[in-house]
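Peer 1: Provided herewith: protein-v2.cif, mmCIF, C-alpha atoms.
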data_work
#
loop_
_atom_site.group_PDB
_atom_site.id
_atom_site.type_symbol
_atom_site.label_atom_id
_atom_site.label_comp_id
_atom_site.auth_asym_id
_atom_site.auth_seq_id
_atom_site.Cartn_x
_atom_site.Cartn_y
_atom_site.Cartn_z
ATOM 1 C CA MET A 1 93.611 -53.569 -2.235
ATOM 2 C CA THR A 2 93.686 -55.786 -5.296
ATOM 3 C CA GLU A 3 91.915 -54.982 -8.543
ATOM 4 C CA ASP A 4 89.369 -57.759 -7.933
ATOM 5 C CA GLU A 5 88.603 -56.381 -4.464
ATOM 6 C CA MET A 6 88.112 -52.898 -5.903
ATOM 7 C CA ARG A 7 85.792 -54.230 -8.591
ATOM 8 C CA SER A 8 83.795 -56.211 -6.041
ATOM 9 C CA MET A 9 83.512 -53.184 -3.766
ATOM 10 C CA ALA A 10 82.505 -51.043 -6.759
ATOM 11 C CA TRP A 11 79.571 -53.375 -7.463
ATOM 12 C CA ASN A 12 78.529 -53.184 -3.793
ATOM 13 C CA ASN A 13 78.701 -49.395 -3.965
ATOM 14 C CA ALA A 14 76.618 -49.406 -7.162
ATOM 15 C CA LEU A 15 73.976 -51.462 -5.348
ATOM 16 C CA HIS A 16 73.893 -48.961 -2.476
ATOM 17 C CA CYS A 17 73.721 -46.038 -4.908
ATOM 18 C CA HIS A 18 70.720 -47.650 -6.600
ATOM 19 C CA GLY A 19 69.068 -47.932 -3.180
ATOM 20 C CA THR A 20 69.775 -44.274 -2.478
ATOM 21 C CA TYR A 21 68.345 -43.392 -5.882
ATOM 22 C CA THR A 22 65.170 -45.328 -5.047
ATOM 23 C CA VAL A 23 64.720 -43.663 -1.637
ATOM 24 C CA PHE A 24 65.200 -40.122 -2.865
ATOM 25 C CA SER A 25 63.215 -40.603 -6.072
ATOM 26 C CA ARG A 26 60.225 -41.693 -3.941
ATOM 27 C CA ARG A 27 60.700 -38.639 -1.718
ATOM 28 C CA LEU A 28 61.018 -36.431 -4.776
ATOM 29 C CA LYS A 29 57.777 -37.751 -6.236
ATOM 30 C CA ARG A 30 55.916 -37.221 -2.947
ATOM 31 C CA LEU A 31 57.293 -33.722 -2.401
ATOM 32 C CA ARG A 32 56.505 -32.685 -5.973
ATOM 33 C CA PHE A 33 52.905 -33.749 -5.426
ATOM 34 C CA LEU A 34 52.668 -31.882 -2.120
ATOM 35 C CA THR A 35 54.203 -28.673 -3.467
ATOM 36 C CA LYS A 36 51.888 -28.751 -6.487
ATOM 37 C CA LEU A 37 48.943 -29.251 -4.154
ATOM 38 C CA ARG A 38 50.078 -26.282 -2.068
ATOM 39 C CA ASP A 39 50.635 -24.105 -5.135
ATOM 40 C CA PHE A 40 47.356 -24.952 -6.853
ATOM 41 C CA TRP A 41 45.378 -24.587 -3.636
ATOM 42 C CA GLY A 42 46.527 -20.972 -3.549
ATOM 43 C CA PHE A 43 44.176 -20.293 -6.490
ATOM 44 C CA ALA A 44 41.067 -21.342 -4.537
ATOM 45 C CA ILE A 45 40.831 -18.138 -2.490
ATOM 46 C CA PRO A 46 41.100 -15.649 -5.403
ATOM 47 C CA ILE A 47 38.541 -17.642 -7.389
ATOM 48 C CA ILE A 48 36.063 -17.668 -4.500
ATOM 49 C CA LEU A 49 36.707 -13.980 -3.781
ATOM 50 C CA GLY A 50 36.059 -13.214 -7.438
ATOM 51 C CA ALA A 51 32.771 -15.087 -7.270
ATOM 52 C CA ILE A 52 31.757 -13.158 -4.138
ATOM 53 C CA ALA A 53 32.768 -9.838 -5.683
ATOM 54 C CA GLY A 54 30.860 -10.634 -8.857
ATOM 55 C CA SER A 55 27.783 -11.945 -7.048
ATOM 56 C CA ASN A 56 25.875 -8.661 -7.551
ATOM 57 C CA THR A 57 26.748 -8.567 -11.244
ATOM 58 C CA LEU A 58 25.781 -12.222 -11.683
ATOM 59 C CA SER A 59 22.609 -11.712 -9.631
ATOM 60 C CA LEU A 60 23.347 -14.687 -7.407
ATOM 61 C CA PRO A 61 20.823 -15.448 -4.659
ATOM 62 C CA GLU A 62 21.909 -14.517 -1.122
ATOM 63 C CA ASN A 63 22.117 -18.153 0.003
ATOM 64 C CA TYR A 64 24.750 -18.830 -2.719
ATOM 65 C CA VAL A 65 26.769 -15.851 -1.536
ATOM 66 C CA HIS A 66 26.533 -17.197 2.013
ATOM 67 C CA LEU A 67 27.810 -20.603 0.792
ATOM 68 C CA LEU A 68 30.658 -18.865 -1.049
ATOM 69 C CA LYS A 69 31.668 -17.108 2.185
ATOM 70 C CA ILE A 70 31.704 -20.427 4.032
ATOM 71 C CA ALA A 71 33.765 -21.955 1.204
ATOM 72 C CA LEU A 72 36.151 -18.970 1.402
ATOM 73 C CA ALA A 73 36.659 -19.470 5.135
ATOM 74 C CA ALA A 74 37.235 -23.227 4.662
ATOM 75 C CA ALA A 75 39.648 -22.658 1.753
ATOM 76 C CA ALA A 76 41.584 -20.086 3.796
ATOM 77 C CA LEU A 77 41.849 -22.491 6.736
ATOM 78 C CA VAL A 78 43.069 -25.302 4.489
ATOM 79 C CA GLN A 79 45.572 -22.970 2.821
ATOM 80 C CA ILE A 80 46.943 -21.862 6.192
ATOM 81 C CA LEU A 81 47.333 -25.473 7.342
ATOM 82 C CA ILE A 82 49.047 -26.550 4.106
ATOM 83 C CA ALA A 83 51.355 -23.510 4.201
ATOM 84 C CA LEU A 84 52.323 -24.160 7.823
ATOM 85 C CA TRP A 85 52.919 -27.834 7.083
ATOM 86 C CA ALA A 86 55.102 -26.885 4.108
ATOM 87 C CA VAL A 87 57.129 -24.365 6.099
ATOM 88 C CA PHE A 88 57.710 -26.517 9.162
ATOM 89 C CA SER A 89 58.428 -29.652 7.115
ATOM 90 C CA ARG A 90 60.647 -27.654 4.747
ATOM 91 C CA TRP A 91 59.129 -29.107 1.581
ATOM 92 C CA ASP A 92 61.070 -26.824 -0.745
ATOM 93 C CA ASP A 93 64.415 -27.701 0.839
ATOM 94 C CA GLY A 94 63.546 -31.403 0.775
ATOM 95 C CA LEU A 95 62.462 -31.151 -2.845
ATOM 96 C CA ALA A 96 65.709 -29.472 -3.884
ATOM 97 C CA TYR A 97 67.838 -31.914 -1.900
ATOM 98 C CA SER A 98 65.973 -34.966 -3.234
ATOM 99 C CA ALA A 99 66.400 -33.782 -6.830
ATOM 100 C CA ARG A 100 70.135 -33.366 -6.299
ATOM 101 C CA ALA A 101 70.428 -36.681 -4.440
ATOM 102 C CA VAL A 102 68.662 -38.557 -7.249
ATOM 103 C CA ARG A 103 71.048 -37.066 -9.796
ATOM 104 C CA ASP A 104 74.132 -37.773 -7.657
ATOM 105 C CA ALA A 105 73.065 -41.350 -6.889
ATOM 106 C CA TYR A 106 72.429 -42.067 -10.561
ATOM 107 C CA GLU A 107 75.793 -40.643 -11.627
ATOM 108 C CA MET A 108 77.664 -42.503 -8.888
ATOM 109 C CA GLN A 109 75.874 -45.773 -9.670
ATOM 110 C CA ARG A 110 76.972 -45.541 -13.303
ATOM 111 C CA ALA A 111 80.534 -44.615 -12.276
ATOM 112 C CA TRP A 112 80.758 -47.604 -9.909
ATOM 113 C CA GLU A 113 79.422 -49.912 -12.630
ATOM 114 C CA VAL A 114 82.168 -48.753 -14.999
ATOM 115 C CA ILE A 115 84.777 -49.501 -12.323
ATOM 116 C CA GLY A 116 83.100 -52.838 -11.560
ATOM 117 C CA ARG A 117 83.341 -53.851 -15.210
ATOM 118 C CA GLY A 118 86.992 -52.737 -15.283
ATOM 119 C CA GLN A 119 86.409 -50.234 -18.088
ATOM 120 C CA VAL A 120 88.847 -47.627 -16.736
ATOM 121 C CA ALA A 121 92.483 -47.005 -17.590
ATOM 122 C CA ASP A 122 93.721 -46.749 -13.982
ATOM 123 C CA ILE A 123 91.324 -48.586 -11.689
ATOM 124 C CA GLY A 124 93.174 -47.575 -8.514
ATOM 125 C CA ALA A 125 93.039 -43.853 -9.235
ATOM 126 C CA GLU A 126 89.438 -43.969 -10.437
ATOM 127 C CA PHE A 127 88.386 -46.013 -7.403
ATOM 128 C CA ALA A 128 90.073 -43.572 -5.010
ATOM 129 C CA THR A 129 88.473 -40.558 -6.715
ATOM 130 C CA ARG A 130 84.994 -42.080 -6.680
ATOM 131 C CA ALA A 131 85.383 -43.266 -3.073
ATOM 132 C CA LYS A 132 86.159 -39.707 -1.935
ATOM 133 C CA GLN A 133 83.219 -38.379 -3.952
ATOM 134 C CA GLN A 134 80.945 -41.066 -2.448
ATOM 135 C CA ASP A 135 82.077 -40.157 1.082
ATOM 136 C CA VAL A 136 81.069 -36.527 0.526
ATOM 137 C CA ILE A 137 77.669 -37.507 -0.882
ATOM 138 C CA ASP A 138 77.056 -39.980 1.954
ATOM 139 C CA SER A 139 77.944 -37.368 4.576
ATOM 140 C CA HIS A 140 75.235 -35.088 3.164
ATOM 141 C CA ASP A 141 72.675 -37.903 2.972
ATOM 142 C CA ILE A 142 73.131 -38.697 6.669
ATOM 143 C CA GLY A 143 71.473 -35.393 7.571
ATOM 144 C CA GLN A 144 68.299 -36.321 5.664
ATOM 145 C CA GLU A 145 66.889 -38.631 8.368
ATOM 146 C CA ILE A 146 66.399 -41.729 6.241
ATOM 147 C CA SER A 147 64.076 -44.081 8.123
ATOM 148 C CA SER A 148 64.760 -47.790 8.589
ATOM 149 C CA LYS A 149 61.779 -48.522 6.338
ATOM 150 C CA GLU A 150 63.340 -46.379 3.587
ATOM 151 C CA LYS A 151 66.691 -48.137 4.096
ATOM 152 C CA ASN A 152 64.971 -51.522 3.739
ATOM 153 C CA LEU A 153 63.185 -50.322 0.606
ATOM 154 C CA GLY A 154 66.420 -49.025 -0.916
ATOM 155 C CA MET A 155 68.256 -52.239 -0.126
ATOM 156 C CA ARG A 156 65.466 -54.348 -1.675
ATOM 157 C CA SER A 157 65.585 -52.247 -4.824
ATOM 158 C CA GLY A 158 69.355 -52.594 -5.077
ATOM 159 C CA LEU A 159 69.260 -56.347 -4.447
ATOM 160 C CA ILE A 160 66.656 -56.822 -7.168
ATOM 161 C CA GLU A 161 68.489 -54.541 -9.608
ATOM 162 C CA TYR A 162 71.763 -56.466 -9.217
ATOM 163 C CA GLN A 163 70.155 -59.891 -8.621
ATOM 164 C CA ARG A 164 71.784 -60.523 -5.288
ATOM 165 C CA GLN A 165 70.810 -62.192 -2.066
ATOM 166 C CA CYS A 166 70.360 -60.230 1.124
ATOM 167 C CA THR A 167 73.268 -60.482 3.551
ATOM 168 C CA GLY A 168 70.826 -60.619 6.477
ATOM 169 C CA CYS A 169 68.303 -63.326 5.503
ATOM 170 C CA LYS A 170 70.278 -64.944 2.646
ATOM 171 C CA THR A 171 67.287 -64.751 0.276
ATOM 172 C CA SER A 172 66.520 -62.624 -2.756
ATOM 173 C CA PRO A 173 63.621 -60.176 -2.376
ATOM 174 C CA ASN A 174 60.636 -61.106 -4.515
ATOM 175 C CA SER A 175 59.235 -57.571 -4.879
ATOM 176 C CA ARG A 176 60.528 -54.006 -4.728
ATOM 177 C CA GLY A 177 57.894 -52.969 -2.223
ATOM 178 C CA LEU A 178 58.080 -53.887 1.447
ATOM 179 C CA PRO A 179 55.660 -56.665 2.405
ATOM 180 C CA LEU A 180 53.010 -55.687 4.950
ATOM 181 C CA PHE A 181 53.206 -59.013 6.742
ATOM 182 C CA PRO A 182 56.538 -60.672 5.916
ATOM 183 C CA LYS A 183 56.842 -64.420 6.529
ATOM 184 C CA THR A 184 60.449 -63.882 7.539
ATOM 185 C CA LYS A 185 61.515 -60.529 8.957
ATOM 186 C CA CYS A 186 64.921 -59.151 8.072
ATOM 187 C CA PRO A 187 66.507 -55.942 9.393
ATOM 188 C CA VAL A 188 68.458 -55.489 6.140
ATOM 189 C CA CYS A 189 65.864 -55.964 3.372
ATOM 190 C CA GLY A 190 62.587 -56.031 5.316
ATOM 191 C CA GLY A 191 61.948 -59.732 4.698
ATOM 192 C CA ASN A 192 59.826 -61.753 2.294
#
Show this structure as C-alpha cells.

Peer 2:
Amino acid sequence: MTEDEMRSMAWNNALHCHGTYTVFSRRLKRLRFLTKLRDFWGFAIPIILGAIAGSNTLSLPENYVHLLKIALAAAALVQILIALWAVFSRWDDGLAYSARAVRDAYEMQRAWEVIGRGQVADIGAEFATRAKQQDVIDSHDIGQEISSKEKNLGMRSGLIEYQRQCTGCKTSPNSRGLPLFPKTKCPVCGGN
C-alpha cells in the first residue's frame, strides 16, 4: 500500500470513528439520564415513608395520610418497574461501555487524522499499529447491537464533519439529524 493510499484510508477511518463517537455519545447521554432517574427515584419512597411516620407528630388529617399511602404504593410500583427495566436492559453495563467507546473513538479519530495529514515519522508502522488497534475496538463494538438508524446517524455526522459526499446517494447531508420524511432515501446516510 502506498503512502497516499494509507493517508486516504486514514481519513476514511477518521470519518468512521467520528460516526462511532456520535452514536455512543448519544447512547451515553441517554443512559446517564436514565440512571440518574432511577437513582433519584429511589429517594421517593423514604421521603413518603418519613411523611407517613411523622404524620402523628405533624397532626396531618387522616385523608392526607391515606393519600400518602397511595403515593407510597405508586412510587414503589414505579421504582420496581424502573429497576427491572434497568436490570434487564443492563443500563450500567451500557453506560460503562458507551463511556469507554466514546473515549476510544475520539482517540482513534485523532490518531487517524495525524496519519492522514502525514505527521508521523514512519507512516507504515503507525498505520499498521492503528489498524490493529481499530480492529480490536471494532470487534467489541459489534456486540453492542448498533441499529441501522444509529449507523445512518453516525455516517451523517462523519460526512458533515469531514465535508464529504455519501457513497450511496452521492450527496452531502444537510443536517446531522435523520430526516423524518426524506425526499431521497439512502441506506448509507439516511437520505436528505

Peer 1: Pull out every residue that the PyMOL selection byres ((chain A and resi 85-102) around 9) matches in the shown coordinates and put them as a PDB file with C-alpha atoms, keeping the file's coordinate frame.

Peer 2:
ATOM      1  CA  THR A  20      69.775 -44.274  -2.478  1.00  0.00           C
ATOM      2  CA  TYR A  21      68.345 -43.392  -5.882  1.00  0.00           C
ATOM      3  CA  THR A  22      65.170 -45.328  -5.047  1.00  0.00           C
ATOM      4  CA  VAL A  23      64.720 -43.663  -1.637  1.00  0.00           C
ATOM      5  CA  PHE A  24      65.200 -40.122  -2.865  1.00  0.00           C
ATOM      6  CA  SER A  25      63.215 -40.603  -6.072  1.00  0.00           C
ATOM      7  CA  ARG A  26      60.225 -41.693  -3.941  1.00  0.00           C
ATOM      8  CA  ARG A  27      60.700 -38.639  -1.718  1.00  0.00           C
ATOM      9  CA  LEU A  28      61.018 -36.431  -4.776  1.00  0.00           C
ATOM     10  CA  LYS A  29      57.777 -37.751  -6.236  1.00  0.00           C
ATOM     11  CA  ARG A  30      55.916 -37.221  -2.947  1.00  0.00           C
ATOM     12  CA  LEU A  31      57.293 -33.722  -2.401  1.00  0.00           C
ATOM     13  CA  ARG A  32      56.505 -32.685  -5.973  1.00  0.00           C
ATOM     14  CA  LEU A  34      52.668 -31.882  -2.120  1.00  0.00           C
ATOM     15  CA  THR A  35      54.203 -28.673  -3.467  1.00  0.00           C
ATOM     16  CA  ARG A  38      50.078 -26.282  -2.068  1.00  0.00           C
ATOM     17  CA  ILE A  80      46.943 -21.862   6.192  1.00  0.00           C
ATOM     18  CA  LEU A  81      47.333 -25.473   7.342  1.00  0.00           C
ATOM     19  CA  ILE A  82      49.047 -26.550   4.106  1.00  0.00           C
ATOM     20  CA  ALA A  83      51.355 -23.510   4.201  1.00  0.00           C
ATOM     21  CA  LEU A  84      52.323 -24.160   7.823  1.00  0.00           C
ATOM     22  CA  ARG A 103      71.048 -37.066  -9.796  1.00  0.00           C
ATOM     23  CA  ASP A 104      74.132 -37.773  -7.657  1.00  0.00           C
ATOM     24  CA  ALA A 105      73.065 -41.350  -6.889  1.00  0.00           C
ATOM     25  CA  TYR A 106      72.429 -42.067 -10.561  1.00  0.00           C
ATOM     26  CA  GLU A 107      75.793 -40.643 -11.627  1.00  0.00           C
ATOM     27  CA  ILE A 137      77.669 -37.507  -0.882  1.00  0.00           C
ATOM     28  CA  ASP A 141      72.675 -37.903   2.972  1.00  0.00           C
ATOM     29  CA  GLN A 144      68.299 -36.321   5.664  1.00  0.00           C
TER      30      GLN A 144
END

Peer 1: Quick one, how far is CA of Gly54 in chain A from CA of Leu72 in chain A?

Peer 2: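 Pair CA of Gly54 in chain A / CA of Leu72 in chain A returns 14.2 Å.
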
Peer 1: For the atom pair CA of Gly19 in chain A and CA of Glu126 in chain A, what is the interatomic distance in Å to one decimal place?

Peer 2: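 CA of Glu126 in chain A lies 22.0 Å from CA of Gly19 in chain A.
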
Peer 1: Step by step, gather every atom of range 71-83 of chain A that the file lists, find the box along x, y and z that holds them, add 5 Å on each side, and finally give centre and edge lengths in Å to one decimal, as JSON.

Peer 2:
{"center_x": 42.6, "center_y": -22.8, "center_z": 4.3, "size_x": 27.6, "size_y": 17.6, "size_z": 16.1}

Peer 1: Determine, counting all atoms listed in the file, which protein, DNA and RNA residues have an atom within 12 Å of an atom of range 130-132 of chain A; residues of the same chain fewer than 2 positions away are not included. Present the result as JSON, numbers by chain.

Peer 2: {"A": [6, 9, 10, 13, 14, 104, 105, 107, 108, 109, 110, 111, 112, 113, 114, 115, 116, 123, 124, 125, 126, 127, 128, 134, 135, 136, 137, 138, 139]}

Peer 1: Just the number, please: distance in Å from CA of Asp4 in chain A to CA of Thr129 in chain A, one decimal.

Peer 2: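 Interatomic distance here is 17.3 Å.
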
Peer 1: Go through A:Gly190, A:Thr2, A:Cys17, A:Leu58 and flag the residue nearest Ser175 in chain A, using all atoms listed in the file for the distances.

Peer 2: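 Smallest separation from Ser175 in chain A among the options: A:Gly190.
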
Peer 1: Counting only C-alpha atoms, find the residues whose atoms lie at most 10 Å from (70.6, -61.1, 1.6) (file coordinates) and write them out as a list in words.

Peer 2: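 Protein, DNA and RNA residues close to (70.6, -61.1, 1.6): Met155, Arg156, Leu159, Arg164, Gln165, Cys166, Thr167, Gly168, Cys169, Lys170, Thr171, Ser172, Pro173, Cys186, Val188, Cys189 and Gly191 of chain A.
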
Peer 1: Can you give me, as a list in words, the residues this file yields under the PyMOL selection byres ((chain A and resi 46-50) around 9)?

Peer 2: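 Answer for the PyMOL selection byres ((chain A and resi 46-50) around 9): Gly42, Phe43, Ala44, Ile45, Ala51, Ile52, Ala53, Gly54, Ser55, Leu68, Lys69, Ala71, Leu72 and Ala75 of chain A.
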
Peer 1: Enumerate, as a list in words, the residues matched when the PyMOL selection byres ((chain A and resi 180) around 10) is run on the file above.

Peer 2: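 On this input, the PyMOL selection byres ((chain A and resi 180) around 10) captures Gly177, Leu178, Pro179, Phe181, Pro182, Lys183, Gly190, Gly191 and Asn192 of chain A.
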
Peer 1: When you count all atoms listed in the file, which of these residues is closest to Leu37 in chain A: A:Leu15, A:Met1, A:Leu60, A:Val78?

Peer 2: A:Val78

Peer 1: Using only C-alpha atoms for the distances, tell me which of A:Arg176, A:Val65, A:Gln133, A:Asn56 is nearest to Ile160 in chain A.

Peer 2: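 Ranked by minimum distance to Ile160 in chain A, first place goes to A:Arg176.
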